[in-house]
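Taking it in order: structure first as structure tokens, then the write-up.
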Amino acid sequence: MKSVRIDMKGRRCGRLLVLSFCAPVGDGRAKWLCLCDCGKQVSVLGKHLRCGNTRSCGCIQREVVAHRSRTHGLSGSPTYMSWAAMKSRCGNPKQRSYENYGAKGVKVCERWIKSFAAFLADMGERPEGMTLDRINPFGDYKPSNCRWAGPTDQSRNTRGRAAIAILERLRVVRPNPPAMMCG
Ligand SMILES: [Zn+2]
């Protein structure tokens with residue numbers, strides 16, 4: 001039985017431009033060398049190109065997965081909410097707790113501001129019952145200063161913060177003392 005090879009050269013399938021025929025290797029099936037719009041070269045079975053199974057080097061699928069995890073998968077997860085709340089505390093003056101964070105100069109590191117994925121990679125998923133805690137309460141939100149902490153760690157740290165706040169108050173002389181009462 002003789003099979004006729006369909007010439008695919010120069011055809012475009014999705015993001016793939018067919019460059020040349022690859023001599024059959026291994027399984028003996030005909031593959032075509034393609035150049036993807038993203039710049040990667042892949043060899044694809046002719047029938048996969050023709051039936052539309054393969055329309056990129058794999059970059060389309062990667063983009064879809066990345067988009068899903070951005071918009072659907074993890075956006076409602078506890079980890080995502082911690083990330084969003086952290087950014088809001090430090091960057092949104094309308095947020096109630098901004099005065100204790102952003103207004104006091106507490107920042108979120110560049111890497112985390114830009115990307116939830118980076119935050120997730122550094123911190124891992126938030127364990128149940130834990131919250132995002134800064135090891136040094138004056139420090140920024142960054143990988144070296146953050147951890148997931150349970151209620152015990154948190155209250156210890158809150159007591160530390162309260163003590164520091166008292167020291168701050170003793171040190172700072174305000175021109176208009178009654179204004180402190182309004183805060
Ligand atoms: Zn590609």
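Every chain in the structure tokens takes a letter, A first, then B, and so on in the order presented; its residues are numbered from 1, and the ligands are numbered from 1 following the presented order.
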- Close residues to ligand 1 using only C-alpha atoms and all ligand atoms, limit 9 Å, as a VMD selection string: chain A and resid 15 to 16 35 to 42 55 to 60
Prev. selection, C-alpha atoms, output as a tab-separated table (two decimals), in the first residue's frame:
chain	number	residue	atom	x	y	z
A	15	ARG	CA	0.27	29.92	15.20
A	16	LEU	CA	2.34	27.38	13.31
A	35	LEU	CA	7.82	27.61	13.33
A	36	CYS	CA	5.52	28.94	16.01
A	37	ASP	CA	4.64	32.65	16.22
A	38	CYS	CA	6.36	32.70	19.62
A	39	GLY	CA	9.64	31.75	17.95
A	40	LYS	CA	9.88	28.11	18.98
A	41	GLN	CA	10.32	25.30	16.47
A	42	VAL	CA	8.44	22.04	16.85
A	55	ARG	CA	-2.13	24.87	16.58
A	56	SER	CA	0.94	26.05	18.48
A	57	CYS	CA	4.19	24.78	20.00
A	58	GLY	CA	2.28	24.45	23.28
A	59	CYS	CA	2.32	28.13	24.10
A	60	ILE	CA	-1.45	28.51	23.58
- Could you give me, as an NGL selection string, the residues within 7 Å of segment 29-34 of chain A, counting only C-alpha atoms and dropping anything in the same chain fewer than 4 positions from it? :A and (16-24 or 41-46)
Only N, CA and C atoms, please: the residues just picked out, written as a JSON list (two decimals), in the first residue's frame.
[["chain", "number", "residue", "atom", "x", "y", "z"],
["A", 16, "LEU", "N", 1.22, 28.11, 13.91],
["A", 16, "LEU", "CA", 2.34, 27.38, 13.31],
["A", 16, "LEU", "C", 2.44, 27.62, 11.81],
["A", 17, "LEU", "N", 3.67, 27.89, 11.36],
["A", 17, "LEU", "CA", 3.95, 27.97, 9.94],
["A", 17, "LEU", "C", 4.80, 26.74, 9.60],
["A", 18, "VAL", "N", 4.32, 25.95, 8.64],
["A", 18, "VAL", "CA", 5.03, 24.72, 8.29],
["A", 18, "VAL", "C", 6.26, 25.06, 7.45],
["A", 19, "LEU", "N", 7.43, 24.65, 7.96],
["A", 19, "LEU", "CA", 8.68, 24.98, 7.27],
["A", 19, "LEU", "C", 9.12, 23.88, 6.32],
["A", 20, "SER", "N", 9.17, 22.66, 6.83],
["A", 20, "SER", "CA", 9.69, 21.59, 5.97],
["A", 20, "SER", "C", 9.28, 20.23, 6.50],
["A", 21, "PHE", "N", 9.44, 19.26, 5.64],
["A", 21, "PHE", "CA", 9.13, 17.88, 6.00],
["A", 21, "PHE", "C", 10.31, 17.28, 6.75],
["A", 22, "CYS", "N", 10.03, 16.57, 7.86],
["A", 22, "CYS", "CA", 11.11, 15.88, 8.58],
["A", 22, "CYS", "C", 11.09, 14.42, 8.16],
["A", 23, "ALA", "N", 12.25, 13.90, 7.82],
["A", 23, "ALA", "CA", 12.32, 12.48, 7.46],
["A", 23, "ALA", "C", 11.77, 11.66, 8.61],
["A", 24, "PRO", "N", 10.93, 10.67, 8.32],
["A", 24, "PRO", "CA", 10.35, 9.86, 9.39],
["A", 24, "PRO", "C", 11.43, 9.21, 10.25],
["A", 41, "GLN", "N", 10.53, 26.25, 17.55],
["A", 41, "GLN", "CA", 10.32, 25.30, 16.47],
["A", 41, "GLN", "C", 9.90, 23.95, 17.04],
["A", 42, "VAL", "N", 8.91, 23.36, 16.40],
["A", 42, "VAL", "CA", 8.44, 22.04, 16.85],
["A", 42, "VAL", "C", 8.17, 21.17, 15.63],
["A", 43, "SER", "N", 8.28, 19.85, 15.82],
["A", 43, "SER", "CA", 7.85, 18.98, 14.73],
["A", 43, "SER", "C", 6.54, 18.32, 15.13],
["A", 44, "VAL", "N", 5.62, 18.33, 14.18],
["A", 44, "VAL", "CA", 4.25, 17.91, 14.45],
["A", 44, "VAL", "C", 3.81, 16.89, 13.41],
["A", 45, "LEU", "N", 3.04, 15.92, 13.83],
["A", 45, "LEU", "CA", 2.49, 14.94, 12.88],
["A", 45, "LEU", "C", 1.56, 15.65, 11.89],
["A", 46, "GLY", "N", 1.69, 15.26, 10.62],
["A", 46, "GLY", "CA", 0.88, 15.89, 9.58],
["A", 46, "GLY", "C", -0.61, 15.84, 9.88]]
- Could you please write out, as JSON, numbers by chain, every residue of segment 32-89 of chain A that DSSP assigns to helix (DSSP H, G or I)? {"A": [46, 47, 48, 49, 50, 59, 60, 61, 62, 63, 64, 65, 66, 67, 68, 69, 70, 71, 72, 73, 78, 79, 80, 81, 82, 83, 84, 85, 86, 87, 88, 89]}
As an mmCIF file with N, CA and C atoms, in the first residue's frame, which residues of segment 49-137 of chain A does DSSP assign to strand (DSSP E or B)?
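In the end it all went to states-v3.cif:
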data_model
loop_
_atom_site.group_PDB
_atom_site.id
_atom_site.type_symbol
_atom_site.label_atom_id
_atom_site.label_comp_id
_atom_site.auth_asym_id
_atom_site.auth_seq_id
_atom_site.Cartn_x
_atom_site.Cartn_y
_atom_site.Cartn_z
ATOM 1 N N VAL A 108 5.077 46.672 49.927
ATOM 2 C CA VAL A 108 5.119 45.307 49.398
ATOM 3 C C VAL A 108 6.248 45.283 48.374
ATOM 4 N N THR A 131 -2.495 33.334 59.095
ATOM 5 C CA THR A 131 -2.532 34.598 58.374
ATOM 6 C C THR A 131 -1.122 35.020 58.025
ATOM 7 N N LEU A 132 -1.061 35.997 57.132
ATOM 8 C CA LEU A 132 0.239 36.489 56.682
ATOM 9 C C LEU A 132 0.818 37.382 57.771
ATOM 10 N N ASP A 133 2.034 37.066 58.173
ATOM 11 C CA ASP A 133 2.636 37.796 59.276
ATOM 12 C C ASP A 133 4.025 38.284 58.894
ATOM 13 N N ARG A 134 4.350 39.500 59.348
ATOM 14 C CA ARG A 134 5.703 39.998 59.130
ATOM 15 C C ARG A 134 6.544 39.682 60.366
#
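When the distance limit is 12 Å and only C-alpha atoms are what count, the residues near Met81 of chain A, minus those fewer than 4 positions from it on the same chain, are Leu74, Ser75, Gly76, Ser77, Ala85, Met86, Lys87, Ser88, Phe116, Phe119, Leu120, Glu125, Arg126, Thr131 and Leu132 of chain A.
One finds atom CA of Gly91 of chain A at 12.6 Å from atom CA of Lys114 of chain A.
The gap separating atom CA of Tyr98 of chain A from atom CA of Ala118 of chain A is 23.0 Å, in Å to one decimal.
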- Go through A:Arg89, A:Arg12, A:Arg50, A:Arg62 one by one, measure the shortest atom-to-atom distance of each to Ala103 of chain A using only C-alpha atoms, and give the residue with the smallest value. A:Arg89
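Excluding Ser144 of chain A itself and any same-chain residue fewer than 2 positions from it, the protein and nucleic acid residues within 12 Å of it, counting only C-alpha atoms, are Val108, Cys109, Phe119, Asp122, Met123, Asp133, Arg134, Ile135, Asn136, Gly139, Asp140, Tyr141, Lys142, Cys146 and Arg147 of chain A.
Atom CA of Trp112 of chain A lies 18.8 Å from atom CA of Pro93 of chain A.
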